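What follows is structure-v6.pdb (PDB, C-alpha atoms and all ligand atoms).
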```pdb
ATOM      1  CA  MET A   1     125.661 131.218  59.721  1.00  0.00           C
ATOM      2  CA  THR A   2     122.369 129.629  60.605  1.00  0.00           C
ATOM      3  CA  PHE A   3     119.211 130.961  62.197  1.00  0.00           C
ATOM      4  CA  PHE A   4     115.964 129.970  63.855  1.00  0.00           C
ATOM      5  CA  ASP A   5     112.703 131.775  64.530  1.00  0.00           C
ATOM      6  CA  VAL A   6     111.043 132.305  67.909  1.00  0.00           C
ATOM      7  CA  PRO A   7     107.332 133.131  68.104  1.00  0.00           C
ATOM      8  CA  THR A   8     106.398 135.168  71.172  1.00  0.00           C
ATOM      9  CA  ARG A   9     102.906 135.175  72.705  1.00  0.00           C
ATOM     10  CA  VAL A  10     102.599 138.410  74.698  1.00  0.00           C
ATOM     11  CA  ARG A  11     104.098 141.902  74.802  1.00  0.00           C
ATOM     12  CA  GLU A  12     106.818 141.047  77.310  1.00  0.00           C
ATOM     13  CA  GLN A  13     108.272 137.620  77.979  1.00  0.00           C
ATOM     14  CA  PHE A  14     111.578 135.789  78.204  1.00  0.00           C
ATOM     15  CA  VAL A  15     111.738 132.681  75.990  1.00  0.00           C
ATOM     16  CA  ASN A  16     114.308 130.016  76.863  1.00  0.00           C
ATOM     17  CA  ILE A  17     116.215 129.378  73.604  1.00  0.00           C
ATOM     18  CA  THR A  18     119.004 127.198  75.032  1.00  0.00           C
ATOM     19  CA  ALA A  19     117.924 124.076  73.143  1.00  0.00           C
ATOM     20  CA  GLN A  20     117.592 125.920  69.816  1.00  0.00           C
ATOM     21  CA  VAL A  21     121.054 127.473  70.191  1.00  0.00           C
ATOM     22  CA  ARG A  22     122.544 124.072  71.046  1.00  0.00           C
ATOM     23  CA  GLN A  23     120.918 122.634  67.903  1.00  0.00           C
ATOM     24  CA  ALA A  24     122.218 125.550  65.817  1.00  0.00           C
ATOM     25  CA  VAL A  25     125.776 124.972  67.066  1.00  0.00           C
ATOM     26  CA  GLN A  26     125.463 121.299  66.132  1.00  0.00           C
ATOM     27  CA  ALA A  27     124.132 122.245  62.676  1.00  0.00           C
ATOM     28  CA  LEU A  28     127.139 124.523  62.149  1.00  0.00           C
ATOM     29  CA  GLY A  29     129.479 121.620  62.965  1.00  0.00           C
ATOM     30  CA  LEU A  30     131.532 123.787  65.319  1.00  0.00           C
ATOM     31  CA  ARG A  31     133.657 121.664  67.646  1.00  0.00           C
ATOM     32  CA  ASP A  32     135.821 124.063  69.659  1.00  0.00           C
ATOM     33  CA  GLY A  33     135.725 127.835  69.571  1.00  0.00           C
ATOM     34  CA  ALA A  34     133.122 130.508  70.133  1.00  0.00           C
ATOM     35  CA  VAL A  35     129.734 131.320  68.733  1.00  0.00           C
ATOM     36  CA  THR A  36     127.905 134.614  68.405  1.00  0.00           C
ATOM     37  CA  VAL A  37     124.138 134.647  68.893  1.00  0.00           C
ATOM     38  CA  PHE A  38     122.494 137.808  67.556  1.00  0.00           C
ATOM     39  CA  VAL A  39     118.962 139.193  67.196  1.00  0.00           C
ATOM     40  CA  PRO A  40     118.406 141.602  64.244  1.00  0.00           C
ATOM     41  CA  HIS A  41     115.718 143.516  66.099  1.00  0.00           C
ATOM     42  CA  THR A  42     115.421 146.754  68.092  1.00  0.00           C
ATOM     43  CA  THR A  43     112.755 145.795  70.619  1.00  0.00           C
ATOM     44  CA  CYS A  44     113.979 142.413  71.828  1.00  0.00           C
ATOM     45  CA  GLY A  45     117.245 141.312  73.351  1.00  0.00           C
ATOM     46  CA  LEU A  46     119.231 138.354  74.571  1.00  0.00           C
ATOM     47  CA  THR A  47     120.518 137.434  78.010  1.00  0.00           C
ATOM     48  CA  VAL A  48     121.936 134.586  80.054  1.00  0.00           C
ATOM     49  CA  ASN A  49     120.305 133.925  83.398  1.00  0.00           C
ATOM     50  CA  GLU A  50     118.847 131.312  85.719  1.00  0.00           C
ATOM     51  CA  ASN A  51     116.838 128.531  84.139  1.00  0.00           C
ATOM     52  CA  ALA A  52     115.909 126.680  87.342  1.00  0.00           C
ATOM     53  CA  ASP A  53     113.431 128.956  89.136  1.00  0.00           C
ATOM     54  CA  PRO A  54     110.943 130.689  86.794  1.00  0.00           C
ATOM     55  CA  ALA A  55     110.402 133.335  89.502  1.00  0.00           C
ATOM     56  CA  VAL A  56     113.792 134.814  88.551  1.00  0.00           C
ATOM     57  CA  ILE A  57     112.517 135.629  85.067  1.00  0.00           C
ATOM     58  CA  SER A  58     109.229 137.055  86.317  1.00  0.00           C
ATOM     59  CA  ASP A  59     111.148 139.158  88.875  1.00  0.00           C
ATOM     60  CA  MET A  60     113.426 140.452  86.120  1.00  0.00           C
ATOM     61  CA  LEU A  61     110.440 141.396  83.942  1.00  0.00           C
ATOM     62  CA  GLN A  62     108.785 143.188  86.863  1.00  0.00           C
ATOM     63  CA  GLN A  63     111.961 145.057  87.779  1.00  0.00           C
ATOM     64  CA  LEU A  64     112.621 146.082  84.164  1.00  0.00           C
ATOM     65  CA  ASP A  65     109.067 147.385  83.961  1.00  0.00           C
ATOM     66  CA  ALA A  66     109.558 149.371  87.171  1.00  0.00           C
ATOM     67  CA  MET A  67     112.786 150.848  85.791  1.00  0.00           C
ATOM     68  CA  VAL A  68     111.397 151.545  82.317  1.00  0.00           C
ATOM     69  CA  PRO A  69     107.597 151.965  82.387  1.00  0.00           C
ATOM     70  CA  TRP A  70     105.631 151.494  79.151  1.00  0.00           C
ATOM     71  CA  ARG A  71     104.069 154.959  79.476  1.00  0.00           C
ATOM     72  CA  GLN A  72     106.088 158.076  80.252  1.00  0.00           C
ATOM     73  CA  PRO A  73     105.059 161.636  79.372  1.00  0.00           C
ATOM     74  CA  PHE A  74     108.521 162.466  78.016  1.00  0.00           C
ATOM     75  CA  TYR A  75     108.814 159.704  75.407  1.00  0.00           C
ATOM     76  CA  GLU A  76     109.093 161.288  71.934  1.00  0.00           C
ATOM     77  CA  HIS A  77     109.243 158.194  69.693  1.00  0.00           C
ATOM     78  CA  ALA A  78     105.967 158.296  67.732  1.00  0.00           C
ATOM     79  CA  GLU A  79     105.634 154.502  67.415  1.00  0.00           C
ATOM     80  CA  GLY A  80     104.841 154.429  71.149  1.00  0.00           C
ATOM     81  CA  ASN A  81     107.199 151.621  72.094  1.00  0.00           C
ATOM     82  CA  SER A  82     110.158 153.527  73.537  1.00  0.00           C
ATOM     83  CA  ALA A  83     110.171 151.343  76.650  1.00  0.00           C
ATOM     84  CA  ALA A  84     110.749 148.291  74.459  1.00  0.00           C
ATOM     85  CA  HIS A  85     113.693 149.978  72.725  1.00  0.00           C
ATOM     86  CA  VAL A  86     115.274 150.968  76.064  1.00  0.00           C
ATOM     87  CA  LYS A  87     114.851 147.486  77.555  1.00  0.00           C
ATOM     88  CA  ALA A  88     116.262 145.872  74.401  1.00  0.00           C
ATOM     89  CA  SER A  89     119.420 147.959  74.741  1.00  0.00           C
ATOM     90  CA  LEU A  90     119.675 147.164  78.449  1.00  0.00           C
ATOM     91  CA  MET A  91     119.722 143.446  77.603  1.00  0.00           C
ATOM     92  CA  GLY A  92     121.870 143.752  74.471  1.00  0.00           C
ATOM     93  CA  CYS A  93     121.416 142.207  71.046  1.00  0.00           C
ATOM     94  CA  SER A  94     124.108 139.517  71.105  1.00  0.00           C
ATOM     95  CA  LEU A  95     125.757 136.804  73.178  1.00  0.00           C
ATOM     96  CA  HIS A  96     129.277 135.440  72.808  1.00  0.00           C
ATOM     97  CA  LEU A  97     129.494 131.840  73.986  1.00  0.00           C
ATOM     98  CA  ILE A  98     132.290 129.310  74.393  1.00  0.00           C
ATOM     99  CA  VAL A  99     131.916 126.018  72.524  1.00  0.00           C
ATOM    100  CA  THR A 100     133.810 122.936  73.694  1.00  0.00           C
ATOM    101  CA  CYS A 101     133.514 119.510  72.074  1.00  0.00           C
ATOM    102  CA  GLY A 102     130.529 120.718  70.061  1.00  0.00           C
ATOM    103  CA  ARG A 103     128.553 122.002  73.052  1.00  0.00           C
ATOM    104  CA  ILE A 104     128.105 125.514  74.412  1.00  0.00           C
ATOM    105  CA  ASP A 105     129.589 125.842  77.880  1.00  0.00           C
ATOM    106  CA  LEU A 106     127.074 127.158  80.388  1.00  0.00           C
ATOM    107  CA  GLY A 107     126.991 127.197  84.167  1.00  0.00           C
ATOM    108  CA  VAL A 108     124.735 124.672  85.881  1.00  0.00           C
ATOM    109  CA  TRP A 109     121.980 127.216  86.473  1.00  0.00           C
ATOM    110  CA  GLN A 110     122.315 129.194  83.255  1.00  0.00           C
ATOM    111  CA  GLY A 111     119.954 129.319  80.293  1.00  0.00           C
ATOM    112  CA  LEU A 112     119.842 131.501  77.187  1.00  0.00           C
ATOM    113  CA  TYR A 113     116.848 133.797  76.822  1.00  0.00           C
ATOM    114  CA  LEU A 114     115.300 135.813  74.055  1.00  0.00           C
ATOM    115  CA  CYS A 115     113.836 138.848  75.819  1.00  0.00           C
ATOM    116  CA  GLU A 116     110.679 140.041  74.082  1.00  0.00           C
ATOM    117  CA  PHE A 117     109.627 143.600  74.896  1.00  0.00           C
ATOM    118  CA  ASP A 118     107.152 144.384  72.112  1.00  0.00           C
ATOM    119  CA  GLY A 119     105.392 141.169  71.182  1.00  0.00           C
ATOM    120  CA  PRO A 120     103.669 139.133  70.140  1.00  0.00           C
ATOM    121  CA  ARG A 121     105.894 138.731  67.091  1.00  0.00           C
ATOM    122  CA  THR A 122     108.086 136.180  65.396  1.00  0.00           C
ATOM    123  CA  ARG A 123     111.742 136.914  66.164  1.00  0.00           C
ATOM    124  CA  ARG A 124     114.763 135.692  64.224  1.00  0.00           C
ATOM    125  CA  VAL A 125     117.950 134.565  65.967  1.00  0.00           C
ATOM    126  CA  TRP A 126     121.216 134.394  64.020  1.00  0.00           C
ATOM    127  CA  VAL A 127     123.987 132.027  65.107  1.00  0.00           C
ATOM    128  CA  GLN A 128     127.502 132.099  63.688  1.00  0.00           C
TER     129      GLN A 128
HETATM  130 ZN    ZN B 201     109.749 151.861  67.871  1.00  0.00          ZN
END
```
Rewrite the structure from the file as structure tokens, please.
Ligand code: ZN
Amino acid sequence: MTFFDVPTRVREQFVNITAQVRQAVQALGLRDGAVTVFVPHTTCGLTVNENADPAVISDMLQQLDAMVPWRQPFYEHAEGNSAAHVKASLMGCSLHLIVTCGRIDLGVWQGLYLCEFDGPRTRRVWVQ
């Protein structure tokens, strides 16, 4: 296994980690197979989505916020970041990717994103 760290700047943002994951796969020396990318956190997630138009990511953040507002009278979690926990589970904490000839196979428009929901923090990403 290998890992890399991702600093985030604001409470909610998607960080494109495609290049770091590609480098991690190269460091592992994996030629053909599959790789798991995992975040050991409860308030950030991972997803695959469009990397061409940045409006897609801002639309996703806005829609997630509409679905899961930061403040709700019924949240019980005393830390005050229940929305971040819910959004993290909506995105999921891992990705399973195909590797061919040492490269992860992605569609033309796809990128890999770390989804920060309770930043700014430094997040760790495991790759195996
Ligand atoms: Zn919490």
Exercise for the section: Determine the nearest neighbour of Val86 in chain A from the options A:Cys44, A:Val56, A:Ala24, A:Val99, counting all atoms listed in the file. Expected result: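 Closest to Val86 in chain A, using all atoms listed in the file: A:Cys44.
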Handout entry: Residues within 9 Å of ligand ZN 201 (chain B), counting only C-alpha atoms and all ligand atoms, as an MDAnalysis selection string
Key = chainID A and resid 42:43 77:85 118
Handout entry: Selection: 8 Å around Phe14 in chain A, all atoms listed in the file, excl. self and same-chain fewer than 5 positions, as a PyMOL selection string
Key = chain A and resi 57+113-116
Handout entry: Proximity to Asp59 in chain A - best of A:Gln128, A:Asp5, A:Gln13, A:Leu106, all atoms listed in the file
Key =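 Once distances to Asp59 in chain A are computed over all atoms listed in the file, the minimum belongs to A:Gln13.
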Practice task
Take the PyMOL selection byres (((chain A and resi 127) around 6) and not hetatm), apply it to the structure above, and return the hits as a ChimeraX atom specification.
Solution key: /A:1-3,36-37,126,128
Practice task
Show which residues sit within 8 Å of range 64-66 of chain A, as a list in words. Count only C-alpha atoms, and ignore same-chain residues fewer than 4 positions away.
Solution key: Met60, Trp70 and Lys87 of chain A
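If only C-alpha atoms are the atoms counted, then among A:Arg22, A:Arg71, A:Arg9, A:Arg123 the closest residue to Ile98 in chain A is A:Arg22.
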Problem - Among listed residues A:Leu90, A:Gln72, A:Val39, A:Gly111, nearest Asn51 in chain A (using all atoms listed in the file) - result: A:Gly111
Convert the output of the PyMOL selection byres (((chain A and resi 105) around 12) and not hetatm) on the shown file into explicit residues, formatted as an mmCIF file with C-alpha atoms, in the frame of the given file.
```
data_model
loop_
_atom_site.group_PDB
_atom_site.id
_atom_site.type_symbol
_atom_site.label_atom_id
_atom_site.label_comp_id
_atom_site.auth_asym_id
_atom_site.auth_seq_id
_atom_site.Cartn_x
_atom_site.Cartn_y
_atom_site.Cartn_z
ATOM 1 C CA THR A 18 119.004 127.198 75.032
ATOM 2 C CA VAL A 21 121.054 127.473 70.191
ATOM 3 C CA ARG A 22 122.544 124.072 71.046
ATOM 4 C CA VAL A 25 125.776 124.972 67.066
ATOM 5 C CA ARG A 31 133.657 121.664 67.646
ATOM 6 C CA ASP A 32 135.821 124.063 69.659
ATOM 7 C CA GLY A 33 135.725 127.835 69.571
ATOM 8 C CA ALA A 34 133.122 130.508 70.133
ATOM 9 C CA VAL A 35 129.734 131.320 68.733
ATOM 10 C CA VAL A 48 121.936 134.586 80.054
ATOM 11 C CA HIS A 96 129.277 135.440 72.808
ATOM 12 C CA LEU A 97 129.494 131.840 73.986
ATOM 13 C CA ILE A 98 132.290 129.310 74.393
ATOM 14 C CA VAL A 99 131.916 126.018 72.524
ATOM 15 C CA THR A 100 133.810 122.936 73.694
ATOM 16 C CA CYS A 101 133.514 119.510 72.074
ATOM 17 C CA GLY A 102 130.529 120.718 70.061
ATOM 18 C CA ARG A 103 128.553 122.002 73.052
ATOM 19 C CA ILE A 104 128.105 125.514 74.412
ATOM 20 C CA LEU A 106 127.074 127.158 80.388
ATOM 21 C CA GLY A 107 126.991 127.197 84.167
ATOM 22 C CA VAL A 108 124.735 124.672 85.881
ATOM 23 C CA TRP A 109 121.980 127.216 86.473
ATOM 24 C CA GLN A 110 122.315 129.194 83.255
ATOM 25 C CA GLY A 111 119.954 129.319 80.293
ATOM 26 C CA LEU A 112 119.842 131.501 77.187
#
```
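Shortest atom-to-atom contact with Phe117 in chain A among A:Leu28, A:Ala52, A:Ala19, A:Val10: A:Val10, counting all atoms listed in the file.
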Practice task
Give me, please, the distance in Å between CA of Val125 in chain A and CA of Glu76 in chain A, quoted to one decimal.
Solution key: 28.8 Å
Exercise for the section: With a distance cut-off of 8 Å and all atoms listed in the file, select the neighbouring residues of Met91 in chain A, excluding the residue or stretch itself and same-chain residues fewer than 2 positions from it, and output the selection as a list in words. Expected result: Gly45, Leu46, Thr47, Lys87, Ala88, Ser89, Cys93 and Cys115 of chain A
Exercise for the section: Have a look at CA of Ala27 in chain A and CA of Arg121 in chain A and let me know their distance in Å, one decimal. Expected result: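 Taking CA of Ala27 in chain A as the start and CA of Arg121 in chain A as the end point, the length is 25.0 Å.
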